[in-house]
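The structure appears below as structure tokens.
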Amino acid sequence: MIEAHWLFGVEMRRVEVVIHPQSIVHSMVEFADGSTLAQLSHSNMRFRFNMLSPGQIGFPNTLPPLDFSKLSKLEFFTPRYEDFPALNLARRAARSAAHCLL
């Protein structure tokens, strides 16, 4: 949430969070025309990717490619904020930081 806010200048009220149990989709960006760009990979923190530099020159991917024919489904759920208190903390932290910059 904070990355989207600071790196891309997205207002916190426009940042949405979903729970994705399969951990294949790591980020999504919805554009003004309604299309969505998603970054998908195996769930492994060795894979380095960010939307600012997708080529990651010099950082080879050591993970096997995704086999979409073997993915049964991708699910997304609205988070239960009482079970994920850090989500509200992130929103509060971003608001507090914005007030400090004024």
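To be explicit about the labels: the chains of the structure tokens are called A, B, and onward in the order shown, and within each one the residues are counted from 1, while ligands get numbers from 1 in the order they are shown.
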
Next item on the list: Write out as a PyMOL selection string each polymer residue whose atoms come within 9 Å of Ser23 of chain A, counting only C-alpha atoms; drop sequence neighbours fewer than 2 positions from it.
Entry: chain A and resi 19-21+25-26+40-44+74

Selection export as a CSV table (one decimal), in the first residue's frame, atoms kept: all heavy atoms:
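Listed below is the output, out_10.csv:
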chain,number,residue,atom,x,y,z
A,19,ILE,N,-6.9,-10.2,-0.8
A,19,ILE,CA,-6.2,-11.4,-0.3
A,19,ILE,C,-6.2,-12.4,-1.5
A,19,ILE,O,-7.3,-12.7,-2.1
A,19,ILE,CB,-6.9,-12.0,0.9
A,19,ILE,CG1,-7.0,-11.0,2.0
A,19,ILE,CG2,-6.1,-13.3,1.3
A,19,ILE,CD1,-5.7,-10.4,2.5
A,20,HIS,N,-5.0,-12.9,-1.8
A,20,HIS,CA,-4.9,-13.8,-3.0
A,20,HIS,C,-4.2,-15.1,-2.5
A,20,HIS,O,-3.0,-15.1,-2.4
A,20,HIS,CB,-4.1,-13.1,-4.1
A,20,HIS,CG,-3.7,-14.0,-5.2
A,20,HIS,ND1,-4.6,-14.8,-5.9
A,20,HIS,CD2,-2.5,-14.2,-5.8
A,20,HIS,CE1,-4.0,-15.4,-6.9
A,20,HIS,NE2,-2.7,-15.1,-6.8
A,21,PRO,N,-5.0,-16.1,-2.1
A,21,PRO,CA,-4.4,-17.3,-1.4
A,21,PRO,C,-3.3,-18.0,-2.3
A,21,PRO,O,-2.4,-18.6,-1.7
A,21,PRO,CB,-5.6,-18.2,-1.1
A,21,PRO,CG,-6.8,-17.4,-1.4
A,21,PRO,CD,-6.4,-16.2,-2.2
A,25,VAL,N,-0.3,-13.7,-8.1
A,25,VAL,CA,-0.4,-12.3,-8.5
A,25,VAL,C,0.3,-11.5,-7.4
A,25,VAL,O,-0.2,-11.5,-6.3
A,25,VAL,CB,-1.8,-11.9,-8.8
A,25,VAL,CG1,-1.9,-10.4,-9.2
A,25,VAL,CG2,-2.4,-12.7,-9.9
A,26,HIS,N,1.3,-10.7,-7.7
A,26,HIS,CA,2.0,-10.0,-6.7
A,26,HIS,C,1.7,-8.5,-6.7
A,26,HIS,O,1.9,-7.8,-5.7
A,26,HIS,CB,3.5,-10.2,-6.9
A,26,HIS,CG,3.9,-11.7,-6.7
A,26,HIS,ND1,3.9,-12.3,-5.5
A,26,HIS,CD2,4.2,-12.6,-7.6
A,26,HIS,CE1,4.2,-13.6,-5.7
A,26,HIS,NE2,4.4,-13.8,-7.0
A,40,LEU,N,2.7,-11.5,-12.4
A,40,LEU,CA,2.5,-12.9,-11.9
A,40,LEU,C,3.8,-13.6,-11.9
A,40,LEU,O,4.6,-13.5,-12.8
A,40,LEU,CB,1.5,-13.6,-12.8
A,40,LEU,CG,0.0,-13.3,-12.7
A,40,LEU,CD1,-0.2,-11.9,-13.4
A,40,LEU,CD2,-0.8,-14.3,-13.4
A,41,SER,N,4.1,-14.4,-10.8
A,41,SER,CA,5.2,-15.3,-10.8
A,41,SER,C,5.0,-16.3,-9.7
A,41,SER,O,4.1,-16.2,-8.9
A,41,SER,CB,6.5,-14.5,-10.5
A,41,SER,OG,6.5,-14.0,-9.2
A,42,HIS,N,5.9,-17.3,-9.6
A,42,HIS,CA,5.9,-18.2,-8.5
A,42,HIS,C,6.0,-17.4,-7.2
A,42,HIS,O,6.6,-16.4,-7.2
A,42,HIS,CB,7.0,-19.2,-8.6
A,42,HIS,CG,6.8,-20.2,-9.7
A,42,HIS,ND1,6.0,-21.2,-9.7
A,42,HIS,CD2,7.4,-20.2,-11.0
A,42,HIS,CE1,6.0,-21.9,-10.8
A,42,HIS,NE2,6.9,-21.3,-11.6
A,43,SER,N,5.4,-18.0,-6.2
A,43,SER,CA,5.5,-17.4,-4.8
A,43,SER,C,6.9,-17.7,-4.3
A,43,SER,O,7.1,-18.7,-3.7
A,43,SER,CB,4.4,-17.9,-3.9
A,43,SER,OG,4.5,-17.3,-2.7
A,44,ASN,N,7.8,-16.7,-4.5
A,44,ASN,CA,9.2,-16.9,-4.0
A,44,ASN,C,9.9,-15.6,-3.9
A,44,ASN,O,9.9,-14.9,-4.9
A,44,ASN,CB,10.0,-17.9,-5.0
A,44,ASN,CG,11.3,-18.3,-4.4
A,44,ASN,OD1,12.1,-17.4,-4.0
A,44,ASN,ND2,11.6,-19.5,-4.4
A,74,LEU,N,-7.4,-18.5,-10.0
A,74,LEU,CA,-6.8,-17.4,-9.2
A,74,LEU,C,-8.0,-16.8,-8.4
A,74,LEU,O,-9.0,-16.4,-9.0
A,74,LEU,CB,-6.2,-16.4,-10.1
A,74,LEU,CG,-5.0,-16.8,-11.0
A,74,LEU,CD1,-4.5,-15.7,-11.9
A,74,LEU,CD2,-3.9,-17.3,-10.1

Check: What is the distance between atom CA of Thr78 of chain A and atom CA of Leu7 of chain A, in Å to one decimal?
Finding: 23.7 Å

Notebook entry, point to check: What is the distance, in Å and to one decimal place, between atom CA of Leu71 of chain A and atom CA of Gly34 of chain A?
Noted result: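 Interatomic distance here is 24.9 Å.
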